[in-house]
Structure formats: structure tokens, C-alpha cells
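Participant: Please find target_19.txt (compact mmCIF, C-alpha atoms) on the next line:
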```txt
# COMPACT_ATOMS: atom_id res chain seq x y z
CA MET A 23 75.21 119.50 149.24
CA THR A 24 74.29 115.84 148.92
CA VAL A 25 75.35 114.22 145.68
CA PRO A 26 72.28 113.59 143.46
CA ALA A 27 71.66 109.98 142.61
CA PRO A 28 72.72 109.01 139.08
CA HIS A 29 69.87 108.54 136.66
CA PRO A 30 70.12 106.48 133.49
CA GLY A 31 67.04 108.16 132.04
CA PRO A 32 64.54 106.72 129.60
CA ALA A 33 67.07 106.37 126.80
CA ALA A 34 69.25 104.05 128.89
CA THR A 35 66.37 101.57 129.15
CA ALA A 36 65.54 101.74 125.49
CA ASP A 37 65.84 97.98 125.06
CA ALA A 38 63.27 97.44 127.80
CA GLU A 39 60.88 99.63 125.84
CA GLY A 40 61.38 97.72 122.62
CA LEU A 41 63.89 100.09 121.07
CA ALA A 42 66.73 98.36 119.27
CA LEU A 43 70.21 99.30 120.42
CA ASP A 44 72.18 97.74 117.60
CA GLY A 45 72.23 100.86 115.46
CA PRO A 46 71.98 104.60 115.87
CA HIS A 47 68.43 104.77 114.49
CA ALA A 48 67.20 101.21 113.98
CA GLY A 49 63.88 100.66 115.77
CA ALA A 50 64.27 103.81 117.85
CA ALA A 51 61.60 106.36 118.61
CA PRO A 52 61.78 109.64 116.66
CA TRP A 53 64.72 111.78 117.75
CA PRO A 54 62.59 114.65 119.20
CA ARG A 55 60.71 112.12 121.30
CA ARG A 56 63.97 110.65 122.63
CA VAL A 57 65.26 114.12 123.51
CA GLY A 58 61.97 114.96 125.20
CA ALA A 59 62.08 111.78 127.24
CA GLN A 60 65.60 112.57 128.42
CA ALA A 61 64.58 116.14 129.24
CA LEU A 62 61.75 114.80 131.40
CA ALA A 63 64.20 112.49 133.17
CA GLU A 64 66.49 115.45 133.89
CA MET A 65 63.56 117.43 135.29
CA ARG A 66 62.40 114.58 137.51
CA THR A 67 65.90 114.18 138.92
CA VAL A 68 65.96 117.81 140.06
CA LEU A 69 62.38 117.91 141.34
CA ARG A 70 62.78 114.72 143.34
CA ASN A 71 66.05 115.76 144.95
CA GLY A 72 65.53 117.80 148.09
CA GLU A 73 69.03 119.26 148.13
CA GLN A 74 68.70 120.51 144.57
CA LEU A 75 65.33 122.08 145.35
CA VAL A 76 66.94 123.96 148.21
CA ILE A 77 69.48 125.67 145.97
CA THR A 78 67.13 126.19 143.02
CA LEU A 79 63.99 127.41 144.81
CA VAL A 80 64.21 127.59 148.61
CA LEU A 81 67.34 129.75 148.92
CA PRO A 82 66.28 132.25 146.21
CA THR A 83 62.88 132.56 147.91
CA LEU A 84 64.45 133.16 151.33
CA LEU A 85 66.79 135.80 149.88
CA LEU A 86 63.86 137.50 148.15
CA VAL A 87 61.87 137.73 151.38
CA VAL A 88 64.78 138.67 153.66
CA LEU A 89 66.23 141.37 151.41
CA THR A 90 62.86 142.98 150.71
CA ARG A 91 61.23 142.67 154.12
CA THR A 92 64.23 143.58 156.32
CA ASP A 93 66.90 146.26 156.31
CA LEU A 94 69.80 143.92 157.11
CA VAL A 95 71.49 145.08 153.91
CA ASP A 96 71.51 148.72 152.85
CA LEU A 97 70.43 148.70 149.21
CA GLY A 98 70.47 152.46 148.81
CA THR A 99 66.83 152.61 147.70
CA ASP A 100 63.36 152.45 149.19
CA ASP A 101 62.05 150.35 146.32
CA ARG A 102 63.83 147.19 147.42
CA LEU A 103 61.65 144.82 145.42
CA SER A 104 62.48 146.41 142.06
CA LEU A 105 66.15 145.91 142.85
CA VAL A 106 66.06 142.45 144.43
CA ALA A 107 63.40 140.58 142.42
CA PRO A 108 65.27 140.59 139.06
CA GLY A 109 68.45 139.59 140.88
CA VAL A 110 66.71 136.64 142.49
CA LEU A 111 65.52 135.48 139.06
CA ALA A 112 69.11 135.71 137.80
CA LEU A 113 70.33 133.78 140.84
CA ALA A 114 67.77 131.05 140.19
CA VAL A 115 69.04 130.62 136.62
CA MET A 116 72.62 130.41 137.88
CA SER A 117 71.62 127.85 140.52
CA SER A 118 69.86 125.49 138.13
CA ALA A 119 71.76 125.97 134.87
CA PHE A 120 75.22 126.02 136.45
CA THR A 121 75.47 124.56 139.95
CA SER A 122 72.86 121.81 139.81
CA GLN A 123 73.64 120.81 136.24
CA ALA A 124 77.41 120.74 136.77
CA ILE A 125 77.15 118.51 139.84
CA ALA A 126 74.59 116.13 138.34
CA THR A 127 76.51 115.80 135.06
CA GLY A 128 79.83 115.36 136.88
CA PHE A 129 78.58 112.40 138.87
CA ASP A 130 76.74 110.93 135.87
CA ARG A 131 80.08 111.01 134.08
CA ARG A 132 81.94 109.38 136.96
CA ASN A 133 79.34 106.62 137.30
CA GLY A 134 79.41 105.80 133.59
CA VAL A 135 75.89 107.07 132.90
CA LEU A 136 77.02 109.48 130.20
CA ARG A 137 79.01 106.80 128.39
CA LEU A 138 76.03 104.44 128.54
CA LEU A 139 73.53 106.99 127.26
CA ALA A 140 75.87 108.01 124.44
CA THR A 141 75.68 104.45 123.05
CA THR A 142 71.85 104.39 122.96
CA PRO A 143 69.67 105.77 120.15
CA LEU A 144 69.66 109.06 122.07
CA GLY A 145 73.29 109.69 121.10
CA ARG A 146 75.64 112.33 122.43
CA SER A 147 73.92 115.27 120.77
CA GLY A 148 70.53 114.10 122.02
CA LEU A 149 71.87 113.69 125.53
CA VAL A 150 73.31 117.21 125.63
CA LEU A 151 70.16 118.70 124.11
CA GLY A 152 68.01 116.76 126.56
CA LYS A 153 69.98 118.22 129.45
CA VAL A 154 69.65 121.75 128.07
CA VAL A 155 65.90 121.38 127.43
CA GLY A 156 65.34 119.85 130.85
CA ILE A 157 67.23 122.55 132.71
CA SER A 158 65.50 125.23 130.62
CA ALA A 159 62.14 123.85 131.70
CA ILE A 160 63.28 123.90 135.34
CA ALA A 161 64.41 127.52 134.90
CA ALA A 162 61.01 128.42 133.43
CA LEU A 163 59.32 126.83 136.46
CA GLN A 164 61.60 128.82 138.75
CA MET A 165 60.69 132.06 136.98
CA VAL A 166 56.96 131.41 137.39
CA VAL A 167 57.23 130.54 141.09
CA LEU A 168 59.68 133.28 142.09
CA ALA A 169 58.06 136.00 139.99
CA GLY A 170 54.70 135.02 141.46
CA ILE A 171 56.07 135.38 144.99
CA ALA A 172 57.66 138.73 144.13
CA VAL A 173 54.38 140.02 142.67
CA ALA A 174 52.55 138.84 145.78
CA LEU A 175 55.05 140.85 147.83
CA GLY A 176 54.24 143.95 145.78
CA TRP A 177 56.63 143.85 142.81
CA ARG A 178 55.29 145.64 139.73
CA PRO A 179 57.76 145.08 136.85
CA GLU A 180 57.68 146.99 133.59
CA LEU A 181 55.66 144.65 131.37
CA ALA A 182 57.09 146.23 128.22
CA GLY A 183 60.42 144.75 129.27
CA LEU A 184 59.24 141.13 129.16
CA PRO A 185 60.70 140.43 125.67
CA ALA A 186 64.06 141.88 126.77
CA ALA A 187 63.92 139.84 129.97
CA LEU A 188 63.19 136.68 127.98
CA VAL A 189 66.25 137.32 125.79
CA MET A 190 68.41 137.75 128.89
CA LEU A 191 67.04 134.58 130.51
CA VAL A 192 67.69 132.50 127.38
CA LEU A 193 71.23 133.86 127.02
CA GLY A 194 71.90 133.43 130.73
CA THR A 195 70.73 129.82 130.67
CA ALA A 196 72.91 129.13 127.61
CA ALA A 197 75.99 130.72 129.17
CA PHE A 198 75.69 128.97 132.53
CA SER A 199 74.78 125.63 130.94
CA SER A 200 77.89 125.82 128.77
CA LEU A 201 80.03 126.57 131.81
CA ALA A 202 78.40 123.73 133.76
CA LEU A 203 79.07 121.17 131.03
CA LEU A 204 82.65 122.39 130.67
CA LEU A 205 83.26 122.02 134.39
CA ALA A 206 81.58 118.62 134.55
CA GLY A 207 83.46 117.34 131.51
CA VAL A 208 87.02 118.13 132.57
CA LEU A 209 87.15 117.74 136.37
CA ARG A 210 86.65 114.78 138.66
CA ALA A 211 83.16 114.58 140.17
CA GLU A 212 84.34 115.48 143.68
CA ALA A 213 86.15 118.53 142.31
CA VAL A 214 83.05 119.54 140.35
CA LEU A 215 81.01 119.39 143.56
CA ALA A 216 83.45 121.64 145.41
CA VAL A 217 84.12 124.09 142.57
CA ALA A 218 80.47 124.48 141.54
CA ASN A 219 79.38 125.32 145.08
CA LEU A 220 82.35 127.64 145.63
CA VAL A 221 81.67 129.53 142.40
CA TRP A 222 78.00 129.85 143.35
CA VAL A 223 78.91 131.42 146.70
CA LEU A 224 81.51 133.76 145.17
CA LEU A 225 79.18 134.97 142.43
CA LEU A 226 76.38 135.44 144.93
CA ALA A 227 78.64 137.58 147.12
CA GLY A 228 80.49 139.58 144.48
CA GLY A 229 79.19 138.73 141.02
CA ALA A 230 76.43 141.38 140.82
CA VAL A 231 73.88 138.65 140.26
CA LEU A 232 71.64 139.50 143.20
CA LEU A 233 72.57 143.14 143.79
CA PRO A 234 73.71 145.74 141.23
CA ALA A 235 77.37 146.29 140.50
CA GLU A 236 77.32 149.85 141.87
CA VAL A 237 76.81 148.62 145.44
CA LEU A 238 79.95 146.47 145.25
CA PRO A 239 83.20 147.95 146.57
CA GLY A 240 85.84 149.46 144.28
CA PRO A 241 87.04 147.60 141.18
CA LEU A 242 84.88 144.60 142.05
CA GLY A 243 81.91 146.48 140.63
CA ASP A 244 83.68 147.04 137.31
CA LEU A 245 84.78 143.40 137.09
CA ALA A 246 81.32 142.07 137.96
CA GLY A 247 79.83 143.50 134.78
CA LEU A 248 82.10 141.27 132.72
CA LEU A 249 80.96 138.11 134.49
CA PRO A 250 77.94 136.12 133.27
CA SER A 251 76.33 136.63 136.67
CA GLY A 252 76.67 140.40 136.50
CA ALA A 253 75.57 140.58 132.88
CA LEU A 254 72.44 138.54 133.59
CA GLY A 255 71.60 140.42 136.78
CA GLU A 256 72.10 143.87 135.25
CA GLY A 257 70.26 142.87 132.09
CA LEU A 258 67.20 141.68 133.99
CA ARG A 259 67.17 144.76 136.21
CA SER A 260 67.23 147.02 133.14
CA ALA A 261 64.52 144.99 131.41
CA PHE A 262 62.10 145.00 134.33
CA ALA A 263 62.82 148.56 135.49
CA ASP A 264 63.19 150.43 132.19
CA GLY A 265 61.83 147.99 129.60
CA VAL A 266 65.09 148.04 127.61
CA LEU A 267 67.60 145.45 126.46
CA ARG A 268 71.20 146.17 127.51
CA PRO A 269 73.50 145.52 124.50
CA GLY A 270 76.51 145.19 126.79
CA SER A 271 74.89 142.43 128.83
CA VAL A 272 73.84 140.61 125.66
CA LEU A 273 77.41 140.78 124.34
CA VAL A 274 78.95 139.52 127.59
CA LEU A 275 76.60 136.52 127.81
CA ALA A 276 77.04 135.71 124.12
CA VAL A 277 80.83 135.72 124.46
CA TRP A 278 80.72 133.50 127.55
CA THR A 279 78.39 131.08 125.75
CA LEU A 280 80.60 130.95 122.65
CA VAL A 281 83.87 130.50 124.56
CA ALA A 282 82.54 127.97 127.09
CA GLY A 283 80.59 126.09 124.42
CA SER A 284 83.63 125.82 122.17
CA ALA A 285 85.81 124.68 125.05
CA THR A 286 83.20 122.09 126.04
CA ALA A 287 83.09 120.68 122.51
CA ARG A 288 86.88 120.48 122.50
CA PHE A 289 87.70 119.19 125.99
CA PHE A 290 84.59 117.39 127.32
CA ARG A 291 85.38 113.79 128.34
CA TRP A 292 82.51 111.29 128.42
CA SER A 293 84.17 108.98 130.93
```
Just give me the structure as C-alpha cells.
Facilitator:
Amino acid sequence: MTVPAPHPGPAATADAEGLALDGPHAGAAPWPRRVGAQALAEMRTVLRNGEQLVITLVLPTLLLVVLTRTDLVDLGTDDRLSLVAPGVLALAVMSSAFTSQAIATGFDRRNGVLRLLATTPLGRSGLVLGKVVGISAIAALQMVVLAGIAVALGWRPELAGLPAALVMLVLGTAAFSSLALLLAGVLRAEAVLAVANLVWVLLLAGGAVLLPAEVLPGPLGDLAGLLPSGALGEGLRSAFADGVLRPGSVLVLAVWTLVAGSATARFFRWS
């Protein structure tokens, strides 16, 4: 994967926009506006980067089509779409909230962008929130596009499960974003690039994100349910198939978010 170009974002050019930089609030735009501007910068970075679009939209779309329109993989069911479509949505969240965000943040940190932005009126909390809001908006866009393709292919999800699915998507984004920031804040950028892509491949193959845990061999299926990938995948499949919220999946994602978020707050290095 090509390294995304560093982006200072709107907050880094605050002085060019007439915002004073000599104090945390003096002359600055309202804090929500600053966060929104940074979120838009994060979104533009992803949408303008071809390599990031491949992993966030192109690959999930290809997997959706291949797994539902061919029999290359035995899924143990004739209703392949009901099994694969929720998994593809979970994979898309993992791709954007974890892999893309970890790599982009890691190289921003190495290039001094994070340290620069932290000294602007945006501040550290605004920078982190801007990243989370931006990646959440990208995830929402992914859901619309991929769900639309799945419906066009014949997917008919249980609409009563939409609130449960929304809960799972929010928790999944929070868990993977926390893990991404932890990875980006403690490892060198080159290591982040390698580890983020390796973890993505491993979770895709054996993390029950795309396919249910019961099709995985032996103890791998039991372990997968304790991973954020498996919890998100199983939670979305239950929501769209049965219209129910899986308490176990909610608990797993909440624990991962709490642990990774606490570790990020403790160990994250800005430069």
C-alpha cells in the first residue's frame, strides 16, 4: 500500500485564515467548527487517495460480488447474500477505522503533522475528535455504497434490525479507531504500515469478520468471537438476519474500546 501523503488540515493553516495562534482560544473559530474542518480534511485525504479507496471500497465490493456470485468458497448455505453482506459491511469498518486510520496517523506523527496541529487552536482533543468524526463519516459512506450494491444483488435484510446494526457499527468504529490510534501512537510509521496491513489480512482470513465463526476450523472459531472483528461481524449478521442485538458482541466491542482507548491515552506519543 502506498503511504498516504501527510495533510496538515485546515487547523494547521489557521494563521492564514486569520485565526490567532498565540493562545488556545484567542481569535479562533468556535471549537465545533474547528473539529468539523479537521474532519473534512481527514475525509478528503481518504477520498483523494487511490490506495485507500481500494482497501475501503474496492476490495469489499469485489469480495461481496465474488462470494455471492460464485461458489469458490463453500459457505454452507444457499442464501449467500444474507451471510456475506453483513460481513462485508464489518470488513469495510475495519478497513477504514483501523487500517487506513492507523497508517495515515502513523505517518502524520512521523512527519510532525500531529505535533503541529496540537499547537493550533484545534488542540489535541480536537485533533483526535476530528479524526474520529472524519473516519465515522467515511464509514457511513461505505455503508451506503456497499449496502446499496448488496440490495441491488438481491439482499433483503431484516429492517427491524437496523437499530441493532447501528449500535454494532458505532461500537465497531470506536473499537477499531481506538486500536488504530494506539498502534499509530507507539510504533514507528514503517512498522505501523506493516502491522496494520498484516492484521487486516489475518482478521480477514480468520477473524470471523467476513464469514461466521462456525465455518472456521477448530478452536479458531471460538477465539474469533473474542476479537473485535468477530464481534462486529457476528453482531451485524444477527442484526440483519434476526433483528436482534447480541449482548456478547456488544460486550466484546465495549471491552476492546475501553482497553485500547485507555492504553492510547496512556502511551500515545505525539512525535
Participant: Atom CA of Phe289 of chain A to atom CA of Gly207 of chain A: how many Å, to one decimal?
Facilitator: 7.2 Å
Participant: Here is a test: counting only C-alpha atoms, which residue of A:Pro241, A:Gly252, A:Gly229, A:Gly176 is nearest to Arg102 of chain A?
Facilitator: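 Looking only at the distances to Arg102 of chain A, the closest residue turns out to be A:Gly176.
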Participant: Using only C-alpha atoms, which residues sit within 6 Å of segment 53-70 of chain A once same-chain residues fewer than 2 positions away are excluded, as a list in words?
Facilitator: Gly31, Gln74, Leu144, Gly148, Gly152, Lys153, Val155 and Gly156 of chain A
Participant: Considering all atoms listed in the file, tabulate each residue of segment 65-169 of chain A that lies at most 12 Å from segment 178-184 of chain A along with its nearest interatomic pair and the corresponding distance in Å to one decimal; arrange the rows by chain and ascending residue number and present them as JSON lines.
Facilitator:
```
{"residue": "A:Asp101", "atom": "CA", "partner": "A:Arg178", "partner_atom": "CA", "distance": 10.6}
{"residue": "A:Arg102", "atom": "CA", "partner": "A:Arg178", "partner_atom": "CA", "distance": 11.6}
{"residue": "A:Leu103", "atom": "CA", "partner": "A:Arg178", "partner_atom": "CA", "distance": 8.6}
{"residue": "A:Ser104", "atom": "CA", "partner": "A:Pro179", "partner_atom": "CA", "distance": 7.2}
{"residue": "A:Leu105", "atom": "CA", "partner": "A:Pro179", "partner_atom": "CA", "distance": 10.3}
{"residue": "A:Val106", "atom": "CA", "partner": "A:Pro179", "partner_atom": "CA", "distance": 11.5}
{"residue": "A:Ala107", "atom": "CA", "partner": "A:Pro179", "partner_atom": "CA", "distance": 9.1}
{"residue": "A:Pro108", "atom": "CA", "partner": "A:Pro179", "partner_atom": "CA", "distance": 9.0}
{"residue": "A:Ala169", "atom": "CA", "partner": "A:Pro179", "partner_atom": "CA", "distance": 9.6}
```
Participant: Given only C-alpha atoms as the basis, pick out the residue of A:Val135, A:Ala285, A:Val88, A:Leu254 nearest to Arg268 of chain A.
Facilitator: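 Smallest distance to Arg268 of chain A is found for A:Leu254.
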Participant: Taking into account all atoms listed in the file, which residue in the set A:Val217, A:Val272, A:Ala124, A:Ala172 is nearest to Leu84 of chain A?
Facilitator: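 When distances to Leu84 of chain A are compared using all atoms listed in the file, the smallest one comes from A:Ala172.
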Participant: Atom CA of Leu209 of chain A and atom CA of Asn133 of chain A, how far apart in Å?
Facilitator: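 Between atom CA of Asn133 of chain A and atom CA of Leu209 of chain A the gap works out to 13.6 Å.
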Participant: Determine, counting all atoms listed in the file, which protein, DNA and RNA residues have an atom within 9 Å of an atom of Glu212 of chain A; residues of the same chain fewer than 4 positions away are not included. Present the result as a PyMOL selection string.
Facilitator: chain A and resi 125+128-129+216-217
Participant: Name the closest residue to Leu113 of chain A among the candidates A:Val281, A:Met165, A:Leu175, A:Val214; distances are taken between atoms, counting only C-alpha atoms.
Facilitator: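 Nearest candidate to Leu113 of chain A out of A:Val281, A:Met165, A:Leu175, A:Val214: A:Met165.
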Participant: Go through A:Val277, A:Leu245, A:Ile157, A:Ala114 and flag the residue nearest Ser199 of chain A, using all atoms listed in the file for the distances.
Facilitator: A:Ile157
Participant: I'd like the interatomic distance between atom CA of Ala186 of chain A and atom CA of Leu86 of chain A, to a tenth of an Å.
Facilitator: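 Pair atom CA of Ala186 of chain A / atom CA of Leu86 of chain A returns 21.8 Å.
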Participant: Using all atoms listed in the file, which of the listed residues (A:Leu75, A:Leu233, A:Leu204, A:Gly265) sits closest to Thr90 of chain A?
Facilitator: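 Between A:Leu75, A:Leu233, A:Leu204, A:Gly265, the residue approaching Thr90 of chain A most closely is A:Leu233.
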Participant: I'd like the contact shell of Leu168 of chain A - 8 Å cut-off, all atoms listed in the file, skipping same-chain residues fewer than 3 positions apart - returned as a list in words.
Facilitator: Leu79, Pro82, Thr83, Val110, Leu111, Gln164, Met165, Ile171 and Ala172 of chain A
Participant: If we draw a sphere of 12 Å around (86.1, 120.0, 131.4), which residues have at least one atom in it when counting only C-alpha atoms? Please report them as a VMD selection string.
Facilitator: chain A and resid 124 127 to 128 131 200 to 211 213 to 214 282 to 293
Participant: Just the selected residues (C-alpha atoms), exported as a compact mmCIF listing (two decimals), keeping the file's coordinate frame, please.
Facilitator:
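Generated output (result01.txt):
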```
# COMPACT_ATOMS: atom_id res chain seq x y z
CA ALA A 124 77.41 120.74 136.77
CA THR A 127 76.51 115.80 135.06
CA GLY A 128 79.83 115.36 136.88
CA ARG A 131 80.08 111.01 134.08
CA SER A 200 77.89 125.82 128.77
CA LEU A 201 80.03 126.57 131.81
CA ALA A 202 78.40 123.73 133.76
CA LEU A 203 79.07 121.17 131.03
CA LEU A 204 82.65 122.39 130.67
CA LEU A 205 83.26 122.02 134.39
CA ALA A 206 81.58 118.62 134.55
CA GLY A 207 83.46 117.34 131.51
CA VAL A 208 87.02 118.13 132.57
CA LEU A 209 87.15 117.74 136.37
CA ARG A 210 86.65 114.78 138.66
CA ALA A 211 83.16 114.58 140.17
CA ALA A 213 86.15 118.53 142.31
CA VAL A 214 83.05 119.54 140.35
CA ALA A 282 82.54 127.97 127.09
CA GLY A 283 80.59 126.09 124.42
CA SER A 284 83.63 125.82 122.17
CA ALA A 285 85.81 124.68 125.05
CA THR A 286 83.20 122.09 126.04
CA ALA A 287 83.09 120.68 122.51
CA ARG A 288 86.88 120.48 122.50
CA PHE A 289 87.70 119.19 125.99
CA PHE A 290 84.59 117.39 127.32
CA ARG A 291 85.38 113.79 128.34
CA TRP A 292 82.51 111.29 128.42
CA SER A 293 84.17 108.98 130.93
```
